[in-house]
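Novice: work24.txt is reproduced in full below (compact mmCIF, N, CA and C atoms).
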```
# COMPACT_ATOMS: atom_id res chain seq x y z
N MET E 8 -16.23 41.77 -51.27
CA MET E 8 -16.88 40.79 -50.44
C MET E 8 -16.98 41.29 -49.02
N ALA E 9 -18.02 40.91 -48.32
CA ALA E 9 -18.21 41.35 -46.95
C ALA E 9 -17.39 40.49 -46.02
N GLN E 10 -17.09 41.04 -44.83
CA GLN E 10 -16.30 40.30 -43.86
C GLN E 10 -17.06 39.06 -43.41
N GLY E 11 -16.30 37.93 -43.20
CA GLY E 11 -16.89 36.71 -42.69
C GLY E 11 -17.71 35.96 -43.71
N SER E 12 -17.70 36.38 -44.95
CA SER E 12 -18.50 35.66 -45.94
C SER E 12 -17.60 35.02 -46.98
N ASP E 13 -16.53 34.40 -46.53
CA ASP E 13 -15.59 33.73 -47.42
C ASP E 13 -16.27 32.50 -48.00
N SER E 14 -16.31 32.40 -49.27
CA SER E 14 -17.01 31.30 -49.92
C SER E 14 -16.30 29.97 -49.69
N ASN E 15 -14.99 29.98 -49.33
CA ASN E 15 -14.25 28.74 -49.09
C ASN E 15 -14.37 28.24 -47.65
N ASP E 16 -14.93 29.04 -46.75
CA ASP E 16 -15.04 28.67 -45.34
C ASP E 16 -16.19 27.68 -45.17
N THR E 17 -15.86 26.45 -44.71
CA THR E 17 -16.89 25.42 -44.54
C THR E 17 -17.19 25.14 -43.08
N SER E 18 -16.57 25.92 -42.16
CA SER E 18 -16.76 25.64 -40.74
C SER E 18 -18.13 26.10 -40.25
N TYR E 19 -18.74 27.03 -40.88
CA TYR E 19 -20.05 27.52 -40.47
C TYR E 19 -21.03 27.34 -41.60
N LYS E 20 -22.12 26.70 -41.30
CA LYS E 20 -23.16 26.50 -42.31
C LYS E 20 -24.42 27.22 -41.82
N SER E 21 -24.77 28.22 -42.49
CA SER E 21 -25.98 28.94 -42.09
C SER E 21 -27.19 28.18 -42.62
N PRO E 22 -28.24 28.23 -41.86
CA PRO E 22 -29.44 27.53 -42.35
C PRO E 22 -29.95 28.21 -43.61
N SER E 23 -30.42 27.40 -44.48
CA SER E 23 -30.93 27.98 -45.73
C SER E 23 -32.22 28.73 -45.43
N PRO E 24 -32.50 29.74 -46.20
CA PRO E 24 -33.69 30.55 -45.92
C PRO E 24 -34.93 29.68 -45.94
N GLY E 25 -35.73 29.91 -44.92
CA GLY E 25 -37.00 29.18 -44.86
C GLY E 25 -36.88 27.85 -44.14
N SER E 26 -35.66 27.35 -43.88
CA SER E 26 -35.54 26.07 -43.18
C SER E 26 -35.24 26.34 -41.70
N ARG E 27 -35.87 25.60 -40.84
CA ARG E 27 -35.69 25.78 -39.40
C ARG E 27 -35.43 24.40 -38.82
N PRO E 28 -34.53 24.31 -37.78
CA PRO E 28 -34.31 22.98 -37.19
C PRO E 28 -35.63 22.42 -36.68
N SER E 29 -35.78 21.14 -36.83
CA SER E 29 -37.04 20.52 -36.41
C SER E 29 -37.16 20.53 -34.90
N SER E 30 -38.35 20.33 -34.42
CA SER E 30 -38.59 20.34 -32.98
C SER E 30 -37.90 19.16 -32.31
N SER E 31 -37.70 18.05 -33.02
CA SER E 31 -36.99 16.90 -32.44
C SER E 31 -35.52 17.25 -32.23
N ASP E 32 -34.93 18.06 -33.13
CA ASP E 32 -33.54 18.51 -32.95
C ASP E 32 -33.45 19.43 -31.73
N ASP E 33 -34.43 20.30 -31.56
CA ASP E 33 -34.46 21.17 -30.38
C ASP E 33 -34.59 20.36 -29.10
N ALA E 34 -35.43 19.36 -29.12
CA ALA E 34 -35.63 18.52 -27.94
C ALA E 34 -34.34 17.76 -27.60
N LYS E 35 -33.65 17.27 -28.62
CA LYS E 35 -32.39 16.56 -28.39
C LYS E 35 -31.35 17.50 -27.79
N LYS E 36 -31.29 18.72 -28.29
CA LYS E 36 -30.34 19.71 -27.78
C LYS E 36 -30.64 20.04 -26.32
N VAL E 37 -31.91 20.21 -26.00
CA VAL E 37 -32.33 20.51 -24.63
C VAL E 37 -31.98 19.34 -23.71
N MET E 38 -32.24 18.13 -24.16
CA MET E 38 -31.93 16.94 -23.36
C MET E 38 -30.42 16.81 -23.14
N ARG E 39 -29.65 17.05 -24.21
CA ARG E 39 -28.19 16.96 -24.10
C ARG E 39 -27.66 18.01 -23.10
N ARG E 40 -28.19 19.22 -23.17
CA ARG E 40 -27.77 20.28 -22.24
C ARG E 40 -28.15 19.93 -20.80
N GLU E 41 -29.35 19.37 -20.62
CA GLU E 41 -29.80 18.98 -19.28
C GLU E 41 -28.91 17.88 -18.70
N LYS E 42 -28.60 16.87 -19.54
CA LYS E 42 -27.71 15.80 -19.09
C LYS E 42 -26.34 16.35 -18.73
N ASN E 43 -25.84 17.25 -19.54
CA ASN E 43 -24.53 17.86 -19.28
C ASN E 43 -24.55 18.68 -17.99
N ARG E 44 -25.65 19.41 -17.77
CA ARG E 44 -25.78 20.21 -16.56
C ARG E 44 -25.77 19.31 -15.33
N ILE E 45 -26.51 18.21 -15.38
CA ILE E 45 -26.57 17.27 -14.26
C ILE E 45 -25.20 16.62 -14.03
N ALA E 46 -24.53 16.22 -15.11
CA ALA E 46 -23.21 15.60 -14.98
C ALA E 46 -22.21 16.58 -14.37
N ALA E 47 -22.26 17.84 -14.78
CA ALA E 47 -21.35 18.85 -14.22
C ALA E 47 -21.64 19.08 -12.74
N GLN E 48 -22.93 19.09 -12.40
CA GLN E 48 -23.33 19.27 -11.01
C GLN E 48 -22.81 18.11 -10.15
N LYS E 49 -22.98 16.88 -10.64
CA LYS E 49 -22.50 15.70 -9.92
C LYS E 49 -20.97 15.74 -9.77
N SER E 50 -20.29 16.16 -10.82
CA SER E 50 -18.83 16.25 -10.78
C SER E 50 -18.37 17.25 -9.73
N ARG E 51 -19.03 18.41 -9.70
CA ARG E 51 -18.68 19.42 -8.69
C ARG E 51 -18.96 18.91 -7.28
N MET E 52 -20.05 18.16 -7.11
CA MET E 52 -20.40 17.62 -5.80
C MET E 52 -19.34 16.59 -5.35
N ARG E 53 -18.94 15.71 -6.28
CA ARG E 53 -17.90 14.72 -5.94
C ARG E 53 -16.59 15.42 -5.58
N GLN E 54 -16.25 16.45 -6.32
CA GLN E 54 -15.02 17.20 -6.05
C GLN E 54 -15.08 17.86 -4.66
N THR E 55 -16.22 18.42 -4.31
CA THR E 55 -16.40 19.05 -3.00
C THR E 55 -16.32 17.99 -1.90
N GLN E 56 -16.96 16.85 -2.10
CA GLN E 56 -16.91 15.78 -1.10
C GLN E 56 -15.48 15.27 -0.91
N LYS E 57 -14.74 15.14 -2.00
CA LYS E 57 -13.36 14.68 -1.91
C LYS E 57 -12.51 15.70 -1.13
N ALA E 58 -12.70 16.97 -1.40
CA ALA E 58 -11.97 18.02 -0.69
C ALA E 58 -12.31 18.01 0.79
N ASP E 59 -13.60 17.83 1.11
CA ASP E 59 -14.02 17.76 2.51
C ASP E 59 -13.39 16.56 3.20
N SER E 60 -13.39 15.43 2.52
CA SER E 60 -12.81 14.21 3.07
C SER E 60 -11.32 14.38 3.33
N LEU E 61 -10.61 14.98 2.38
CA LEU E 61 -9.17 15.22 2.56
C LEU E 61 -8.91 16.19 3.71
N HIS E 62 -9.77 17.18 3.85
CA HIS E 62 -9.63 18.15 4.94
C HIS E 62 -9.79 17.45 6.30
N LEU E 63 -10.82 16.60 6.42
CA LEU E 63 -11.02 15.86 7.67
C LEU E 63 -9.85 14.93 7.96
N GLU E 64 -9.37 14.25 6.93
CA GLU E 64 -8.22 13.35 7.11
C GLU E 64 -6.99 14.14 7.56
N SER E 65 -6.79 15.29 6.98
CA SER E 65 -5.66 16.15 7.36
C SER E 65 -5.77 16.57 8.82
N GLU E 66 -6.97 16.99 9.24
CA GLU E 66 -7.17 17.38 10.64
C GLU E 66 -6.89 16.22 11.59
N ASN E 67 -7.40 15.02 11.23
CA ASN E 67 -7.17 13.84 12.07
C ASN E 67 -5.69 13.50 12.16
N LEU E 68 -4.99 13.58 11.04
CA LEU E 68 -3.55 13.28 11.05
C LEU E 68 -2.78 14.31 11.87
N GLU E 69 -3.20 15.57 11.82
CA GLU E 69 -2.54 16.60 12.63
C GLU E 69 -2.75 16.34 14.12
N LYS E 70 -3.98 15.92 14.50
CA LYS E 70 -4.25 15.58 15.90
C LYS E 70 -3.40 14.38 16.34
N GLU E 71 -3.36 13.37 15.48
CA GLU E 71 -2.56 12.18 15.80
C GLU E 71 -1.08 12.54 15.93
N ASN E 72 -0.60 13.38 15.04
CA ASN E 72 0.80 13.82 15.08
C ASN E 72 1.09 14.55 16.38
N ALA E 73 0.19 15.44 16.79
CA ALA E 73 0.38 16.18 18.04
C ALA E 73 0.40 15.23 19.23
N ALA E 74 -0.50 14.24 19.24
CA ALA E 74 -0.53 13.27 20.33
C ALA E 74 0.77 12.45 20.37
N LEU E 75 1.26 12.06 19.21
CA LEU E 75 2.50 11.28 19.16
C LEU E 75 3.70 12.12 19.60
N ARG E 76 3.72 13.38 19.21
CA ARG E 76 4.81 14.27 19.66
C ARG E 76 4.78 14.43 21.18
N LYS E 77 3.58 14.54 21.74
CA LYS E 77 3.44 14.66 23.19
C LYS E 77 3.95 13.39 23.87
N GLU E 78 3.60 12.23 23.30
CA GLU E 78 4.05 10.96 23.86
C GLU E 78 5.57 10.83 23.77
N VAL E 79 6.15 11.24 22.66
CA VAL E 79 7.61 11.20 22.50
C VAL E 79 8.27 12.07 23.56
N LYS E 80 7.70 13.25 23.80
CA LYS E 80 8.26 14.16 24.80
C LYS E 80 8.20 13.53 26.19
N GLN E 81 7.05 12.93 26.52
CA GLN E 81 6.89 12.30 27.83
C GLN E 81 7.87 11.13 27.98
N LEU E 82 8.00 10.32 26.94
CA LEU E 82 8.91 9.17 27.02
C LEU E 82 10.37 9.62 27.10
N SER E 83 10.71 10.70 26.42
CA SER E 83 12.07 11.23 26.51
C SER E 83 12.36 11.72 27.92
N GLU E 84 11.38 12.40 28.50
CA GLU E 84 11.56 12.87 29.88
C GLU E 84 11.69 11.69 30.84
N GLU E 85 10.89 10.66 30.62
CA GLU E 85 10.97 9.47 31.47
C GLU E 85 12.33 8.79 31.32
N ALA E 86 12.82 8.67 30.09
CA ALA E 86 14.13 8.05 29.85
C ALA E 86 15.23 8.86 30.54
N LYS E 87 15.13 10.17 30.45
CA LYS E 87 16.12 11.04 31.10
C LYS E 87 16.08 10.85 32.61
N TYR E 88 14.87 10.80 33.16
CA TYR E 88 14.72 10.59 34.61
C TYR E 88 15.30 9.24 35.03
N LEU E 89 14.95 8.19 34.29
CA LEU E 89 15.44 6.85 34.63
C LEU E 89 16.95 6.75 34.50
N ALA E 90 17.52 7.44 33.51
CA ALA E 90 18.97 7.45 33.35
C ALA E 90 19.63 8.14 34.55
N SER E 91 19.01 9.21 35.05
CA SER E 91 19.58 9.90 36.21
C SER E 91 19.45 9.04 37.46
N VAL E 92 18.33 8.33 37.61
CA VAL E 92 18.15 7.42 38.75
C VAL E 92 19.20 6.32 38.69
N LEU E 93 19.42 5.77 37.52
CA LEU E 93 20.41 4.71 37.35
C LEU E 93 21.81 5.22 37.67
N SER E 94 22.15 6.38 37.14
CA SER E 94 23.51 6.90 37.38
C SER E 94 23.73 7.24 38.85
N SER E 95 22.69 7.67 39.56
CA SER E 95 22.85 7.95 40.99
C SER E 95 22.85 6.66 41.81
N HIS E 96 22.26 5.60 41.27
CA HIS E 96 22.21 4.33 41.98
C HIS E 96 23.44 3.46 41.74
N GLU E 97 24.07 3.60 40.60
CA GLU E 97 25.23 2.76 40.26
C GLU E 97 26.34 2.79 41.31
N PRO E 98 26.72 3.94 41.86
CA PRO E 98 27.79 3.93 42.87
C PRO E 98 27.43 3.11 44.10
N LEU E 99 26.17 2.95 44.38
CA LEU E 99 25.75 2.16 45.54
C LEU E 99 25.85 0.66 45.29
N CYS E 100 25.94 0.27 44.05
CA CYS E 100 25.95 -1.14 43.68
C CYS E 100 27.34 -1.65 43.34
N THR E 101 28.41 -1.01 43.81
CA THR E 101 29.77 -1.44 43.44
C THR E 101 30.09 -2.81 44.00
N GLY E 102 29.46 -3.24 45.10
CA GLY E 102 29.72 -4.56 45.67
C GLY E 102 29.05 -5.66 44.90
N LEU E 103 28.17 -5.34 44.01
CA LEU E 103 27.44 -6.35 43.25
C LEU E 103 27.98 -6.43 41.83
N THR E 104 29.23 -6.79 41.69
CA THR E 104 29.81 -6.91 40.35
C THR E 104 29.76 -8.35 39.93
N PRO E 105 29.58 -8.64 38.69
CA PRO E 105 29.53 -10.03 38.22
C PRO E 105 30.90 -10.68 38.37
N GLN E 106 30.91 -12.00 38.61
CA GLN E 106 32.16 -12.74 38.73
C GLN E 106 32.95 -12.70 37.44
N ASN E 107 32.24 -12.79 36.35
CA ASN E 107 32.90 -12.85 35.04
C ASN E 107 32.17 -11.88 34.11
N PRO E 108 32.88 -10.89 33.56
CA PRO E 108 32.19 -9.94 32.69
C PRO E 108 31.60 -10.59 31.45
N GLU E 109 32.12 -11.75 31.06
CA GLU E 109 31.60 -12.41 29.86
C GLU E 109 30.22 -12.99 30.10
N ILE E 110 29.81 -13.09 31.34
CA ILE E 110 28.47 -13.58 31.63
C ILE E 110 27.44 -12.58 31.11
N LEU E 111 27.72 -11.29 31.33
CA LEU E 111 26.80 -10.27 30.85
C LEU E 111 26.98 -9.97 29.38
N PHE E 112 28.22 -9.98 28.91
CA PHE E 112 28.52 -9.64 27.52
C PHE E 112 29.31 -10.76 26.88
N PRO E 113 28.66 -11.84 26.48
CA PRO E 113 29.39 -12.96 25.88
C PRO E 113 30.01 -12.56 24.55
N THR E 114 31.17 -13.13 24.27
CA THR E 114 31.82 -12.83 22.99
C THR E 114 31.07 -13.56 21.90
N HIS E 115 31.08 -12.96 20.75
CA HIS E 115 30.38 -13.51 19.60
C HIS E 115 31.33 -14.43 18.86
N HIS E 116 30.90 -15.69 18.62
CA HIS E 116 31.77 -16.68 17.98
C HIS E 116 31.35 -16.97 16.55
N GLY E 117 30.77 -16.00 15.87
CA GLY E 117 30.45 -16.17 14.45
C GLY E 117 29.10 -16.80 14.19
N SER E 118 28.42 -17.30 15.18
CA SER E 118 27.12 -17.91 14.98
C SER E 118 26.04 -16.90 15.37
N TYR E 119 25.43 -16.32 14.38
CA TYR E 119 24.42 -15.30 14.63
C TYR E 119 23.18 -15.88 15.29
N HIS E 120 22.80 -17.08 14.91
CA HIS E 120 21.56 -17.66 15.41
C HIS E 120 21.72 -18.34 16.75
N HIS E 121 22.94 -18.64 17.16
CA HIS E 121 23.17 -19.32 18.42
C HIS E 121 23.36 -18.27 19.51
N GLN E 122 22.38 -18.15 20.37
CA GLN E 122 22.45 -17.13 21.41
C GLN E 122 22.68 -17.80 22.75
N HIS E 123 23.50 -17.16 23.58
CA HIS E 123 23.77 -17.66 24.93
C HIS E 123 22.87 -16.92 25.90
N ILE E 124 22.14 -17.68 26.65
CA ILE E 124 21.29 -17.08 27.67
C ILE E 124 21.83 -17.55 29.01
N THR E 125 22.38 -16.62 29.76
CA THR E 125 22.94 -16.96 31.06
C THR E 125 22.40 -16.03 32.11
N ILE E 126 22.40 -16.50 33.31
CA ILE E 126 21.98 -15.69 34.44
C ILE E 126 23.26 -15.31 35.20
N PRO E 127 23.55 -14.05 35.37
CA PRO E 127 24.79 -13.64 36.04
C PRO E 127 24.76 -14.02 37.51
N HIS E 128 25.91 -14.44 38.01
CA HIS E 128 26.07 -14.75 39.43
C HIS E 128 26.89 -13.63 40.04
N TYR E 129 26.34 -13.01 41.07
CA TYR E 129 27.00 -11.87 41.69
C TYR E 129 27.72 -12.29 42.96
N GLN E 130 28.84 -11.61 43.24
CA GLN E 130 29.56 -11.82 44.49
C GLN E 130 28.85 -11.03 45.59
N HIS E 131 28.79 -11.60 46.75
CA HIS E 131 28.17 -10.88 47.88
C HIS E 131 29.18 -10.52 48.90
```
Re-express the file's structure as C-alpha cells.

Specialist:
Amino acid sequence: MAQGSDSNDTSYKSPSPGSRPSSSDDAKKVMRREKNRIAAQKSRMRQTQKADSLHLESENLEKENAALRKEVKQLSEEAKYLASVLSSHEPLCTGLTPQNPEILFPTHHGSYHHQHITIPHYQH
C-alpha cells in the first residue's frame, strides 16, 4: 500500500473523480474567509487601540506621580522650616505658659464622643 492511503483513515475525503465543489460552495468559502479577515482586522485594531489607551494612561499617571512627589517634597521642606521657626520661637514665649496644663491637654474620661473645647488663659 502507498503512504497516506490507509483505507481506515476517515479524516480526509478526497473528491470523487469527476466531481467538483459547486460554485455556491466556493462562494460560501470566499465569504467566510472575507468575514474572518475583517473580524481579525477589527480585533487587531481594538487591541492596538487598547494598548495606545493604556500607554497614554500610564504616561498621565507617571506625570501625576511626579507632580505629587514634587508637592510632597515642597511640603516636607515647609514643615521642616516651620518646625525650625517654632523651635527658635519657643524660648521667647516662656512667659506665656498656660495657667493649667489640663486646659491644653484635657484628660480623657472614657467618653470618646464627649469633647472638651476650651480656650487657654495665659498668664501675663

Novice: Which distance in Å separates atom N of Ser31 (chain E) and atom N of Lys49 (chain E), to one decimal?

Specialist: 26.8 Å

Novice: Using atom C of Tyr88 (chain E) and CA of Ala74 (chain E) as the two end points, give the distance in Å to one decimal.

Specialist: 22.0 Å

Novice: Enter the distance from atom N of Lys42 (chain E) to CA of Leu61 (chain E), in Å, rounded to one decimal.

Specialist: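 Rounded to one decimal, the two atoms are 29.5 Å apart.
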